[in-house]
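Note: the block below is work_31.cif and it holds mmCIF, C-alpha atoms and all ligand atoms.
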data_target
loop_
_atom_site.label_atom_id
_atom_site.label_comp_id
_atom_site.auth_asym_id
_atom_site.auth_seq_id
_atom_site.Cartn_x
_atom_site.Cartn_y
_atom_site.Cartn_z
CA MET U 1101 8.38 13.82 6.26
CA LYS U 1102 10.55 12.12 8.82
CA VAL U 1103 9.75 8.41 8.86
CA LEU U 1104 10.81 5.73 11.34
CA ILE U 1105 10.59 2.03 10.49
CA ILE U 1106 10.54 -0.36 13.41
CA GLY U 1107 12.26 -3.71 12.85
CA GLY U 1108 15.43 -5.11 11.37
CA GLY U 1109 14.61 -8.04 9.10
CA GLY U 1110 14.12 -8.65 5.40
CA ARG U 1111 10.54 -7.40 5.52
CA GLU U 1112 11.67 -4.12 7.07
CA HIS U 1113 14.43 -3.78 4.45
CA ALA U 1114 11.81 -4.14 1.73
CA ILE U 1115 9.56 -1.58 3.44
CA ALA U 1116 12.48 0.83 3.92
CA TRP U 1117 13.66 0.33 0.32
CA LYS U 1118 10.20 1.15 -1.02
CA ILE U 1119 9.52 4.06 1.34
CA SER U 1120 12.94 5.56 0.61
CA GLN U 1121 11.84 6.01 -3.01
CA SER U 1122 9.08 8.41 -1.96
CA PRO U 1123 9.58 12.12 -2.63
CA LEU U 1124 7.58 12.75 0.55
CA VAL U 1125 10.44 11.44 2.71
CA SER U 1126 13.08 13.87 3.92
CA LYS U 1127 14.69 11.57 6.48
CA LEU U 1128 14.32 7.85 7.08
CA TYR U 1129 15.31 6.03 10.28
CA ALA U 1130 15.13 2.34 11.15
CA ALA U 1131 15.27 0.78 14.59
CA PRO U 1132 17.27 -1.35 14.85
CA GLY U 1133 17.70 -1.85 11.06
CA ASN U 1134 20.54 -3.94 9.64
CA ALA U 1135 23.51 -3.59 7.28
CA GLY U 1136 21.28 -3.51 4.19
CA ILE U 1137 18.72 -1.12 5.63
CA ALA U 1138 21.65 1.19 6.45
CA ARG U 1139 21.94 1.88 2.71
CA VAL U 1140 18.57 3.64 2.68
CA ALA U 1141 17.98 4.70 6.28
CA GLU U 1142 19.87 5.82 9.35
CA CYS U 1143 19.86 2.88 11.75
CA VAL U 1144 19.21 3.58 15.41
CA GLY U 1145 20.34 1.26 18.19
CA LEU U 1146 16.90 0.64 19.65
CA SER U 1147 15.17 -2.73 19.81
CA ALA U 1148 11.81 -3.14 18.08
CA ASP U 1149 10.41 -4.15 21.47
CA ASP U 1150 11.66 -1.05 23.31
CA ALA U 1151 8.39 0.89 23.03
CA VAL U 1152 9.38 3.50 25.59
CA GLY U 1153 12.75 4.16 23.92
CA LEU U 1154 11.13 4.32 20.48
CA LEU U 1155 8.50 6.76 21.73
CA ALA U 1156 11.17 9.02 23.22
CA PHE U 1157 13.15 8.84 19.98
CA ALA U 1158 10.10 9.69 17.84
CA GLU U 1159 9.23 12.66 20.04
CA GLU U 1160 12.79 13.95 20.21
CA ARG U 1161 13.38 13.70 16.44
CA GLY U 1162 9.91 14.93 15.45
CA ILE U 1163 9.04 11.76 13.52
CA ASP U 1164 5.94 12.32 11.40
CA LEU U 1165 5.18 8.68 10.66
CA THR U 1166 6.30 5.45 12.31
CA VAL U 1167 5.78 2.18 10.44
CA VAL U 1168 5.80 -0.98 12.55
CA GLY U 1169 7.19 -4.12 10.87
CA PRO U 1170 7.00 -7.02 13.35
CA GLU U 1171 4.01 -8.39 15.25
CA THR U 1172 5.44 -8.33 18.77
CA PRO U 1173 5.35 -4.55 19.28
CA LEU U 1174 1.92 -4.37 17.60
CA VAL U 1175 0.47 -7.03 19.88
CA ALA U 1176 2.09 -5.30 22.87
CA GLY U 1177 0.29 -2.07 21.97
CA ILE U 1178 2.93 0.28 20.54
CA VAL U 1179 0.33 1.88 18.27
CA ASP U 1180 -1.92 2.72 21.22
CA LEU U 1181 1.07 4.22 23.04
CA PHE U 1182 2.18 6.41 20.13
CA SER U 1183 -1.40 7.43 19.26
CA ALA U 1184 -2.11 8.49 22.84
CA ARG U 1185 0.83 10.90 22.51
CA GLY U 1186 -0.44 12.24 19.19
CA LEU U 1187 2.33 10.63 17.12
CA GLY U 1188 1.59 9.36 13.60
CA ILE U 1189 1.98 5.59 13.44
CA PHE U 1190 0.87 2.89 11.03
CA GLY U 1191 -0.25 -0.50 12.30
CA PHE U 1192 -3.17 -1.94 14.23
CA GLY U 1193 -3.70 -1.14 17.87
CA ARG U 1194 -3.62 -3.85 20.48
CA ALA U 1195 -7.27 -4.78 19.83
CA GLY U 1196 -6.81 -5.29 16.07
CA ALA U 1197 -3.46 -7.02 16.54
CA ARG U 1198 -5.23 -9.71 18.59
CA LEU U 1199 -6.18 -11.25 15.26
CA GLU U 1200 -2.57 -12.44 15.23
CA GLY U 1201 -1.75 -12.30 18.93
CA SER U 1202 -4.40 -14.84 19.95
CA LYS U 1203 -5.25 -17.78 17.70
CA VAL U 1204 -8.25 -18.50 19.93
CA TRP U 1205 -9.52 -14.97 19.56
CA ALA U 1206 -9.00 -15.06 15.78
CA LYS U 1207 -10.88 -18.36 15.42
CA GLU U 1208 -13.76 -17.04 17.53
CA PHE U 1209 -13.79 -13.85 15.45
CA MET U 1210 -14.10 -15.96 12.29
CA ARG U 1211 -16.87 -18.08 13.78
CA ARG U 1212 -18.73 -14.97 14.96
CA HIS U 1213 -18.57 -13.34 11.53
CA GLY U 1214 -19.17 -16.44 9.38
CA ILE U 1215 -15.70 -16.40 7.82
CA PRO U 1216 -14.70 -19.81 6.44
CA THR U 1217 -11.91 -21.51 8.39
CA ALA U 1218 -10.99 -25.02 9.54
CA GLY U 1219 -13.20 -26.52 12.25
CA PHE U 1220 -11.58 -26.18 15.67
CA THR U 1221 -11.73 -26.83 19.39
CA VAL U 1222 -10.01 -24.78 22.07
CA TYR U 1223 -8.43 -26.39 25.13
CA ASP U 1224 -7.14 -24.72 28.26
CA ASP U 1225 -6.43 -28.01 29.94
CA ALA U 1226 -3.87 -30.56 28.69
CA GLY U 1227 -5.87 -33.52 30.04
CA ALA U 1228 -8.96 -32.54 28.08
CA ALA U 1229 -6.88 -32.00 24.93
CA LEU U 1230 -5.25 -35.43 25.27
CA ALA U 1231 -8.55 -37.18 25.90
CA SER U 1232 -10.27 -35.67 22.90
CA ILE U 1233 -7.33 -36.33 20.58
CA GLU U 1234 -7.63 -40.06 21.38
CA ARG U 1235 -11.24 -40.00 20.20
CA ALA U 1236 -10.46 -38.31 16.84
CA ALA U 1237 -8.51 -39.31 13.75
CA PRO U 1238 -5.23 -37.60 12.82
CA PRO U 1239 -3.82 -35.50 11.22
CA PHE U 1240 -4.39 -32.54 13.52
CA VAL U 1241 -3.23 -28.94 13.25
CA MET U 1242 -2.23 -27.78 16.72
CA LYS U 1243 -1.66 -24.12 17.49
CA ALA U 1244 -0.40 -22.43 20.61
CA ASP U 1245 -2.76 -19.54 21.32
CA GLY U 1246 -0.21 -16.73 21.61
CA LEU U 1247 2.78 -15.48 19.66
CA ALA U 1248 5.49 -18.10 19.25
CA ALA U 1249 7.85 -16.56 16.67
CA GLY U 1250 6.33 -18.64 13.86
CA LYS U 1251 6.97 -21.93 15.70
CA GLY U 1252 3.64 -22.38 17.44
CA VAL U 1253 1.88 -24.40 14.71
CA ILE U 1254 2.45 -28.15 14.75
CA ILE U 1255 1.04 -30.62 12.22
CA ALA U 1256 0.55 -33.90 14.05
CA LYS U 1257 0.23 -36.80 11.62
CA THR U 1258 -0.25 -39.46 14.32
CA HIS U 1259 -1.75 -39.71 17.78
CA GLU U 1260 1.77 -39.96 19.17
CA GLU U 1261 2.80 -36.68 17.51
CA ALA U 1262 -0.39 -35.06 18.79
CA ARG U 1263 0.35 -36.18 22.35
CA GLU U 1264 3.89 -34.80 22.03
CA ALA U 1265 2.51 -31.48 20.77
CA VAL U 1266 0.14 -31.15 23.73
CA SER U 1267 3.02 -31.90 26.09
CA LEU U 1268 5.38 -29.45 24.37
CA VAL U 1269 2.91 -26.58 24.23
CA MET U 1270 0.79 -27.01 27.36
CA LEU U 1271 2.95 -28.93 29.84
CA LYS U 1272 6.58 -28.11 29.00
CA LYS U 1273 5.52 -24.57 28.04
CA GLU U 1274 7.96 -24.44 25.13
CA PHE U 1275 6.36 -21.14 24.06
CA GLY U 1276 5.70 -19.86 27.58
CA ALA U 1277 2.29 -18.37 28.32
CA ALA U 1278 1.49 -18.52 24.58
CA GLY U 1279 0.77 -22.20 25.26
CA ASN U 1280 -1.77 -21.71 28.05
CA ARG U 1281 -4.43 -22.47 25.50
CA LEU U 1282 -4.26 -24.75 22.49
CA VAL U 1283 -6.34 -24.71 19.32
CA VAL U 1284 -6.77 -28.08 17.63
CA GLU U 1285 -7.95 -27.71 14.06
CA GLU U 1286 -9.12 -29.90 11.25
CA PHE U 1287 -6.30 -30.50 8.72
CA LEU U 1288 -6.90 -28.83 5.35
CA GLU U 1289 -5.21 -29.46 2.05
CA GLY U 1290 -4.72 -27.32 -1.02
CA PRO U 1291 -2.55 -24.51 -2.34
CA GLU U 1292 -1.75 -21.78 0.17
CA VAL U 1293 -1.90 -18.11 -0.73
CA SER U 1294 -0.90 -15.05 1.27
CA ILE U 1295 -2.88 -11.90 0.55
CA LEU U 1296 -1.51 -8.72 2.09
CA SER U 1297 -3.92 -5.83 2.38
CA VAL U 1298 -3.75 -2.28 3.61
CA PHE U 1299 -6.79 -1.05 5.53
CA ASP U 1300 -7.66 2.42 6.80
CA GLY U 1301 -10.58 1.45 9.00
CA SER U 1302 -13.09 1.54 6.16
CA THR U 1303 -11.36 1.18 2.76
CA TYR U 1304 -8.95 -1.59 1.85
CA ARG U 1305 -6.55 -2.32 -0.99
CA LEU U 1306 -4.83 -5.59 -1.91
CA PHE U 1307 -1.22 -6.14 -2.86
CA ALA U 1308 -0.32 -8.88 -5.35
CA PRO U 1309 -1.14 -12.35 -3.95
CA SER U 1310 1.96 -14.34 -3.01
CA GLN U 1311 3.06 -17.73 -1.80
CA ASP U 1312 5.61 -18.47 0.91
CA HIS U 1313 7.74 -21.63 1.29
CA LYS U 1314 7.92 -22.40 4.98
CA ARG U 1315 9.88 -25.66 5.08
CA ALA U 1316 13.68 -25.59 5.13
CA LEU U 1317 14.32 -28.05 2.32
CA ASP U 1318 13.30 -28.62 -1.28
CA GLY U 1319 10.02 -30.41 -1.83
CA ASP U 1320 8.51 -28.91 1.35
CA ARG U 1321 10.61 -31.21 3.51
CA GLY U 1322 12.47 -30.51 6.71
CA PRO U 1323 11.56 -28.29 9.63
CA ASN U 1324 9.41 -25.19 9.49
CA THR U 1325 11.25 -21.90 9.12
CA GLY U 1326 10.28 -18.25 9.05
CA GLY U 1327 10.03 -18.64 5.26
CA MET U 1328 12.63 -19.67 2.67
CA GLY U 1329 11.28 -17.77 -0.31
CA ALA U 1330 8.21 -16.36 -1.94
CA TYR U 1331 6.82 -15.41 -5.30
CA ALA U 1332 4.06 -13.18 -6.59
CA PRO U 1333 1.54 -13.19 -8.14
CA VAL U 1334 0.16 -16.73 -7.68
CA PRO U 1335 -0.91 -18.45 -10.90
CA ALA U 1336 -3.07 -20.91 -8.89
CA LEU U 1337 -5.27 -17.99 -7.83
CA SER U 1338 -7.67 -17.20 -10.66
CA PRO U 1339 -9.42 -13.81 -10.89
CA ASP U 1340 -12.72 -15.59 -10.11
CA MET U 1341 -11.25 -17.16 -7.01
CA LEU U 1342 -9.89 -13.79 -5.88
CA GLU U 1343 -13.38 -12.32 -6.21
CA ARG U 1344 -14.77 -15.22 -4.19
CA ILE U 1345 -12.14 -14.58 -1.51
CA ARG U 1346 -13.05 -10.90 -1.41
CA GLY U 1347 -16.72 -11.71 -0.92
CA ALA U 1348 -16.39 -14.61 1.51
CA ILE U 1349 -13.33 -13.62 3.51
CA ILE U 1350 -11.79 -10.19 2.99
CA GLU U 1351 -14.89 -8.01 3.14
CA PRO U 1352 -16.52 -9.94 6.03
CA THR U 1353 -13.23 -9.66 7.94
CA PHE U 1354 -13.04 -5.88 7.61
CA ALA U 1355 -16.78 -5.56 8.31
CA GLY U 1356 -16.26 -7.73 11.40
CA MET U 1357 -13.38 -5.57 12.58
CA ARG U 1358 -15.58 -2.51 12.20
CA SER U 1359 -18.55 -4.04 13.99
CA ASP U 1360 -16.29 -5.30 16.79
CA GLY U 1361 -14.82 -1.80 17.14
CA ILE U 1362 -11.26 -2.95 16.40
CA ALA U 1363 -10.78 -1.37 12.98
CA GLY U 1364 -7.83 0.95 12.48
CA ALA U 1365 -5.10 1.51 9.93
CA GLY U 1366 -2.71 -1.31 9.28
CA VAL U 1367 -1.70 -4.22 7.13
CA LEU U 1368 -3.80 -7.34 7.45
CA TYR U 1369 -2.28 -10.54 6.10
CA PHE U 1370 -4.73 -13.22 5.08
CA GLY U 1371 -3.08 -16.66 5.17
CA LEU U 1372 -5.45 -18.71 3.02
CA MET U 1373 -5.91 -22.28 1.92
CA LEU U 1374 -7.64 -22.90 -1.39
CA ALA U 1375 -9.37 -26.05 -0.15
CA ALA U 1376 -11.45 -28.24 -2.46
CA ASP U 1377 -14.67 -26.94 -0.87
CA GLY U 1378 -13.63 -23.30 -1.08
CA PRO U 1379 -11.09 -20.83 0.30
CA LYS U 1380 -10.52 -20.81 4.05
CA VAL U 1381 -8.52 -18.66 6.44
CA LEU U 1382 -5.56 -20.46 8.00
CA GLU U 1383 -4.39 -17.41 9.90
CA TYR U 1384 -4.48 -13.67 10.11
CA ASN U 1385 -1.32 -11.65 10.69
CA CYS U 1386 -1.50 -8.01 11.66
CA ARG U 1387 1.51 -6.94 9.57
CA PHE U 1388 3.36 -7.45 6.31
CA GLY U 1389 4.51 -11.06 5.75
CA ASP U 1390 8.13 -12.10 5.67
CA PRO U 1391 9.40 -13.05 3.07
CA GLU U 1392 6.23 -12.30 1.05
CA THR U 1393 6.86 -8.56 1.35
CA GLN U 1394 10.21 -8.95 -0.39
CA ALA U 1395 8.34 -10.29 -3.45
CA VAL U 1396 5.21 -8.16 -3.18
CA LEU U 1397 6.52 -4.63 -2.64
CA PRO U 1398 8.75 -4.67 -5.74
CA LEU U 1399 5.49 -5.19 -7.68
CA PHE U 1400 3.73 -2.28 -5.99
CA ASP U 1401 3.56 0.57 -8.50
CA GLY U 1402 2.92 3.37 -6.09
CA ASP U 1403 4.32 5.55 -3.35
CA LEU U 1404 4.23 3.39 -0.23
CA CYS U 1405 4.77 6.37 2.05
CA GLU U 1406 1.80 8.14 0.52
CA THR U 1407 -0.34 4.99 0.76
CA ILE U 1408 0.51 4.48 4.41
CA ARG U 1409 0.02 8.13 5.27
CA ALA U 1410 -3.36 8.07 3.54
CA ALA U 1411 -4.32 4.93 5.49
CA THR U 1412 -3.45 6.55 8.82
CA ARG U 1413 -5.71 9.49 7.84
CA GLY U 1414 -8.60 7.27 6.75
CA GLU U 1415 -8.10 8.50 3.17
CA LEU U 1416 -7.01 5.36 1.36
CA ASP U 1417 -9.78 5.85 -1.18
CA ARG U 1418 -7.96 8.99 -2.40
CA ALA U 1419 -4.49 7.41 -2.75
CA ALA U 1420 -3.22 5.91 -6.00
CA PHE U 1421 -2.73 2.16 -5.69
CA ALA U 1422 -1.50 0.02 -8.56
CA THR U 1423 0.18 -3.34 -8.97
CA SER U 1424 2.48 -4.01 -11.88
CA SER U 1425 1.76 -6.85 -14.28
CA LEU U 1426 5.27 -8.25 -13.75
CA ALA U 1427 6.22 -11.20 -11.53
CA ALA U 1428 8.67 -11.38 -8.63
CA ALA U 1429 10.55 -14.13 -6.86
CA CYS U 1430 12.49 -13.91 -3.61
CA VAL U 1431 14.94 -16.64 -2.62
CA VAL U 1432 16.17 -16.62 0.98
CA VAL U 1433 19.83 -17.36 1.67
CA ALA U 1434 20.13 -18.82 5.17
CA SER U 1435 22.89 -19.72 7.62
CA GLY U 1436 23.98 -23.37 7.74
CA GLY U 1437 22.00 -25.13 10.46
CA TYR U 1438 18.98 -22.79 10.34
CA PRO U 1439 16.29 -23.14 11.72
CA GLY U 1440 18.42 -24.91 14.34
CA PRO U 1441 21.63 -23.46 15.81
CA TYR U 1442 23.88 -21.63 13.35
CA ARG U 1443 27.08 -19.55 13.37
CA ALA U 1444 27.01 -15.78 13.02
CA GLY U 1445 29.70 -13.26 12.10
CA LEU U 1446 30.59 -14.91 8.76
CA GLU U 1447 31.70 -12.54 6.03
CA ILE U 1448 29.36 -12.27 3.04
CA ALA U 1449 30.71 -11.83 -0.50
CA GLY U 1450 29.00 -11.20 -3.82
CA LEU U 1451 26.28 -8.75 -2.78
CA ASP U 1452 27.18 -6.21 -5.46
CA GLU U 1453 27.49 -8.92 -8.09
CA ALA U 1454 23.98 -10.18 -7.26
CA GLU U 1455 22.68 -6.65 -7.85
CA ARG U 1456 24.61 -6.41 -11.12
CA ARG U 1457 22.75 -9.57 -12.12
CA GLY U 1458 19.50 -7.65 -11.81
CA CYS U 1459 18.47 -8.56 -8.25
CA VAL U 1460 17.54 -6.52 -5.22
CA VAL U 1461 19.19 -8.05 -2.18
CA PHE U 1462 17.11 -7.54 0.95
CA HIS U 1463 19.08 -8.06 4.14
CA ALA U 1464 17.42 -10.07 6.91
CA GLY U 1465 20.21 -11.00 9.31
CA THR U 1466 23.31 -8.95 8.57
CA ALA U 1467 25.59 -6.57 10.46
CA PHE U 1468 28.76 -4.57 9.89
CA ARG U 1469 32.07 -5.77 11.32
CA ASP U 1470 35.34 -3.98 10.57
CA GLY U 1471 33.92 -2.54 7.37
CA ALA U 1472 32.65 -5.89 6.12
CA ILE U 1473 29.08 -7.20 6.01
CA VAL U 1474 28.67 -10.34 8.09
CA THR U 1475 25.86 -12.74 8.94
CA SER U 1476 23.89 -12.09 12.12
CA GLY U 1477 20.79 -14.24 11.81
CA GLY U 1478 19.32 -17.51 10.55
CA ARG U 1479 17.75 -15.99 7.49
CA VAL U 1480 20.50 -13.75 6.13
CA LEU U 1481 19.33 -12.37 2.78
CA GLY U 1482 16.32 -12.39 0.47
CA VAL U 1483 17.39 -12.15 -3.16
CA THR U 1484 14.54 -10.74 -5.23
CA ALA U 1485 14.18 -10.43 -8.98
CA VAL U 1486 11.36 -8.90 -11.00
CA ALA U 1487 10.73 -9.97 -14.59
CA PRO U 1488 7.92 -10.15 -17.13
CA ASP U 1489 6.99 -13.67 -16.06
CA LEU U 1490 7.52 -15.88 -13.04
CA GLY U 1491 9.94 -18.25 -14.78
CA ALA U 1492 12.23 -15.37 -15.72
CA ALA U 1493 11.99 -13.86 -12.23
CA ILE U 1494 12.92 -17.17 -10.60
CA GLY U 1495 15.86 -17.71 -12.98
CA GLN U 1496 17.17 -14.22 -12.35
CA ALA U 1497 16.80 -14.54 -8.56
CA TYR U 1498 18.80 -17.78 -8.61
CA ARG U 1499 21.53 -16.15 -10.70
CA GLY U 1500 21.77 -13.56 -7.93
CA VAL U 1501 21.86 -16.24 -5.25
CA GLU U 1502 24.71 -18.00 -7.06
CA ALA U 1503 26.82 -14.83 -6.80
CA ILE U 1504 26.54 -14.72 -3.00
CA THR U 1505 28.83 -16.70 -0.75
CA PHE U 1506 29.43 -17.15 2.96
CA GLU U 1507 30.43 -20.24 4.88
CA GLY U 1508 27.53 -22.66 5.24
CA ALA U 1509 25.09 -20.59 3.14
CA PHE U 1510 22.11 -22.53 1.82
CA SER U 1511 18.88 -21.86 -0.07
CA ARG U 1512 16.03 -23.91 -1.31
CA GLY U 1513 16.42 -24.71 -5.00
CA ASP U 1514 12.72 -24.94 -5.79
CA ILE U 1515 11.19 -21.56 -4.94
CA GLY U 1516 8.20 -21.14 -7.25
CA ALA U 1517 8.89 -24.43 -9.03
CA ARG U 1518 5.44 -25.87 -8.43
CA ALA U 1519 3.78 -22.70 -9.66
CA LEU U 1520 5.79 -23.04 -12.87
CA ALA U 1521 4.75 -26.67 -13.14
CA GLY U 1522 1.13 -25.46 -13.02
CA ASN U 1523 0.52 -26.73 -9.52
CA GLY U 1524 0.66 -24.31 -6.60
CA ARG U 1525 -0.21 -27.13 -4.22
CA LYS U 1526 2.17 -27.65 -1.36
CA GLU U 1527 2.08 -29.32 1.96
CA LYS U 1528 0.43 -27.26 4.63
CA ALA U 1529 3.09 -25.90 6.96
N1 LIG U 1601 5.55 -15.72 5.86
C1 LIG U 1601 4.76 -15.96 6.99
C2 LIG U 1601 4.62 -14.83 7.88
O1 LIG U 1601 5.04 -13.74 7.61
O2 LIG U 1601 4.04 -15.01 8.94
#
Please re-express this file's structure in structure tokens.
Ligand code: GLY
Amino acid sequence: MKVLIIGGGGREHAIAWKISQSPLVSKLYAAPGNAGIARVAECVGLSADDAVGLLAFAEERGIDLTVVGPETPLVAGIVDLFSARGLGIFGFGRAGARLEGSKVWAKEFMRRHGIPTAGFTVYDDAGAALASIERAAPPFVMKADGLAAGKGVIIAKTHEEAREAVSLVMLKKEFGAAGNRLVVEEFLEGPEVSILSVFDGSTYRLFAPSQDHKRALDGDRGPNTGGMGAYAPVPALSPDMLERIRGAIIEPTFAGMRSDGIAGAGVLYFGLMLAADGPKVLEYNCRFGDPETQAVLPLFDGDLCETIRAATRGELDRAAFATSSLAAACVVVASGGYPGPYRAGLEIAGLDEAERRGCVVFHAGTAFRDGAIVTSGGRVLGVTAVAPDLGAAIGQAYRGVEAITFEGAFSRGDIGARALAGNGRKEKA
């Protein structure tokens, strides 16, 4: 099979790395890919958002299966476009992707289908939002309705912060039209868990549960990022709790998608909070998580290409699906200054040594320059290790991180530390 992966971050490197191991694959392309993905796929100079260019490429090269990594092309409807032309593609259509593309729509979906989530109010007018905030007690969770590259969720701990959030999102339009509507939610506390699932429109399977670390600095301090590391599985999630989540959240979600006529084949990411009064959905994403995927896919004991192909055919029930009993940790190495401004084009050393130390180095923001691998993004690498237990995986991942150098490189030093301490609790991001 000829397979095309759309995207060029760490998640797409992990997907490409896993798919490249499949005997079903005769040729693997990635658009645009990156310097790490280039080791397993031919990178094509097309943006993930260039749906027309990607369609032409897939038709010209006879691509059998396209796998979409990021949310933006999914929300924009790339799956509908490819499907209308009879091309095989994996990911939700525009209707299913609304679960991520509109926070308002997702919250109303949950309310309609009785899926537990934080209480919420939707505002399409800044004045009304400001007036009602004054009448309530902080903290508030404030979410721009549309896609905002992971920056559209603001935790306001005071009335002043809440007023600033309304102004930023609805008046200054920091996130453009994504801020035309604002969701204000009740603040929840508890350990967070990300559960990635694959769905074929009727059957679903779950990958190992994982936990992300969204803040830039140790101890869940500093600004929110795209994710500074992840581990899987999550000790805080007991088998009983997973069963409860299946019954209260996962199955009602897929049943709701079916009854709303928005079911298709894709990855649904359940961002969950294990609150004291039971698990609740914080968010849905219509794709693999980043960096969760870099911890989760190395634990997937199966042929990802076969799984995805089966999902696109509605035959997931016939595909083998197994998760190893090992543990994985992924530590992100970022550019100095991230998530604020940072320099790019800095030469990276130590990649081979990190692999000799037993790690898989997933590239997130890298490029080639004059034969060298250089930085090209805020999150540069995700260094993953797999070991019999989480402590060993974390230790091995950090030994890999220590081998890697570029000017200004930084990582969090506490990925998975709270899980090891027997407490998966972390501040809600
Ligand atoms: N790790 C969070 C996300 O993928 O949205």
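Our summary of the geometry notes that atom CA of U:Leu1271 is positioned 25.1 Å from atom CA of U:Gly1322.
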Neighbouring residues of U:His1313 were defined as those with any atom within 12 Å, considering all atoms listed in the file; residues of the same chain fewer than 5 positions away were excluded. Please report them as a VMD selection string. chain U and resid 1291 to 1294 1318 to 1331 1389 to 1392 1429 to 1432 1511 to 1519 1524 to 1529
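Among U:Arg1387, U:Lys1207, U:Lys1243, U:Arg1499, the residue with the shortest atom-to-atom distance to U:Ala1262, counting all atoms listed in the file, is U:Lys1243.
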Select, from U:Gly1491, U:Pro1335, U:Gly1276, U:Gly1169, the residue with the minimum atom-to-atom distance to ligand LIG 1601 (chain U), counting all atoms listed in the file. U:Gly1169
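With only the atoms specified (all atoms listed in the file) counting, those residues at most 10 Å away from (5.6, 12.1, 3.7) are Met1101, Lys1102, Val1103, Ile1119, Ser1122, Pro1123, Leu1124, Val1125, Ser1126, Lys1127, Asp1164, Leu1165, Asp1403, Leu1404, Cys1405, Glu1406, Thr1407, Ile1408, Arg1409 and Ala1410 of chain U.
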One decimal, in Å: what's the spacing between atom CA of U:Leu1104 and atom CA of U:Val1474?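 So the answer is 24.2 Å.
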For U:Arg1315, which of U:Thr1423, U:Pro1439, U:Ala1244, U:Ala1228 is the closest residue, counting all atoms listed in the file?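 Answer, going by the shortest atom-to-atom distance: U:Pro1439.
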Rounded to one decimal, what separation in Å do you get between atom CA of U:Phe1388 and atom CA of U:Val1167? 10.8 Å
Counting all atoms listed in the file, write as a PyMOL selection string all protein and nucleic acid residues lying at most 9 Å from (-7.7, -12.7, 5.7) in the file's frame. chain U and resi 1294-1297+1345+1349-1351+1353-1354+1368-1372+1380-1385
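Among U:Ala1376, U:Val1367, U:Ile1362, U:Met1341, the residue with the shortest atom-to-atom distance to U:Gly1290, counting all atoms listed in the file, is U:Ala1376.
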What lies within 9 Å of U:Leu1282 using all atoms listed in the file, ignoring chain neighbours under 6 positions off, as a PyMOL selection string? chain U and resi 1203-1204+1221-1226+1229+1242-1245+1266+1269-1270
As lines of an AutoDock Vina configuration file: centre and edge lengths in Å, one decimal, of the axis-aligned box holding stretch 1444-1447 of chain U with 8 Å per side:
center_x = 29.4
center_y = -14.2
center_z = 9.5
size_x = 20.7
size_y = 19.2
size_z = 23.0
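The closest residue to ligand LIG 1601 (chain U), picked from U:Ala1492, U:Ala1249, U:Leu1155, U:Leu1399 and counting only C-alpha atoms and all ligand atoms, is U:Ala1249.
Each of U:Gly1364, U:Thr1172, U:Ala1428, U:Glu1455 was checked against U:Pro1488 using all atoms listed in the file; the smallest atom-to-atom distance is that of U:Ala1428.
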Residues within 9 Å of U:Thr1412, only C-alpha atoms, excluding chain neighbours under 5 positions, as a VMD selection string: chain U and resid 1188 to 1191 1299 to 1301 1364 to 1366 1407
Reconstruct N, CA, C and O atoms of stretch 1438-1444 of chain U; output as a PDB file, in the coordinates of the input.
ATOM      1  N   TYR U1438      20.302 -23.407  10.143  1.00  0.00           N
ATOM      2  CA  TYR U1438      18.980 -22.790  10.340  1.00  0.00           C
ATOM      3  C   TYR U1438      17.887 -23.764   9.892  1.00  0.00           C
ATOM      4  O   TYR U1438      18.080 -24.416   8.872  1.00  0.00           O
ATOM      5  N   PRO U1439      16.780 -23.935  10.592  1.00  0.00           N
ATOM      6  CA  PRO U1439      16.290 -23.140  11.720  1.00  0.00           C
ATOM      7  C   PRO U1439      16.815 -23.605  13.081  1.00  0.00           C
ATOM      8  O   PRO U1439      16.336 -23.113  14.096  1.00  0.00           O
ATOM      9  N   GLY U1440      17.766 -24.534  13.081  1.00  0.00           N
ATOM     10  CA  GLY U1440      18.420 -24.910  14.340  1.00  0.00           C
ATOM     11  C   GLY U1440      19.574 -23.949  14.604  1.00  0.00           C
ATOM     12  O   GLY U1440      19.634 -22.864  14.025  1.00  0.00           O
ATOM     13  N   PRO U1441      20.501 -24.341  15.473  1.00  0.00           N
ATOM     14  CA  PRO U1441      21.630 -23.460  15.810  1.00  0.00           C
ATOM     15  C   PRO U1441      22.509 -23.187  14.578  1.00  0.00           C
ATOM     16  O   PRO U1441      22.675 -24.060  13.724  1.00  0.00           O
ATOM     17  N   TYR U1442      23.030 -22.016  14.482  1.00  0.00           N
ATOM     18  CA  TYR U1442      23.880 -21.630  13.350  1.00  0.00           C
ATOM     19  C   TYR U1442      24.949 -20.669  13.844  1.00  0.00           C
ATOM     20  O   TYR U1442      24.821 -20.080  14.917  1.00  0.00           O
ATOM     21  N   ARG U1443      26.017 -20.514  13.029  1.00  0.00           N
ATOM     22  CA  ARG U1443      27.080 -19.550  13.370  1.00  0.00           C
ATOM     23  C   ARG U1443      26.729 -18.185  12.815  1.00  0.00           C
ATOM     24  O   ARG U1443      26.114 -18.077  11.762  1.00  0.00           O
ATOM     25  N   ALA U1444      27.176 -17.155  13.516  1.00  0.00           N
ATOM     26  CA  ALA U1444      27.010 -15.780  13.020  1.00  0.00           C
ATOM     27  C   ALA U1444      28.388 -15.156  12.860  1.00  0.00           C
ATOM     28  O   ALA U1444      29.400 -15.753  13.233  1.00  0.00           O
TER      29      ALA U1444
END
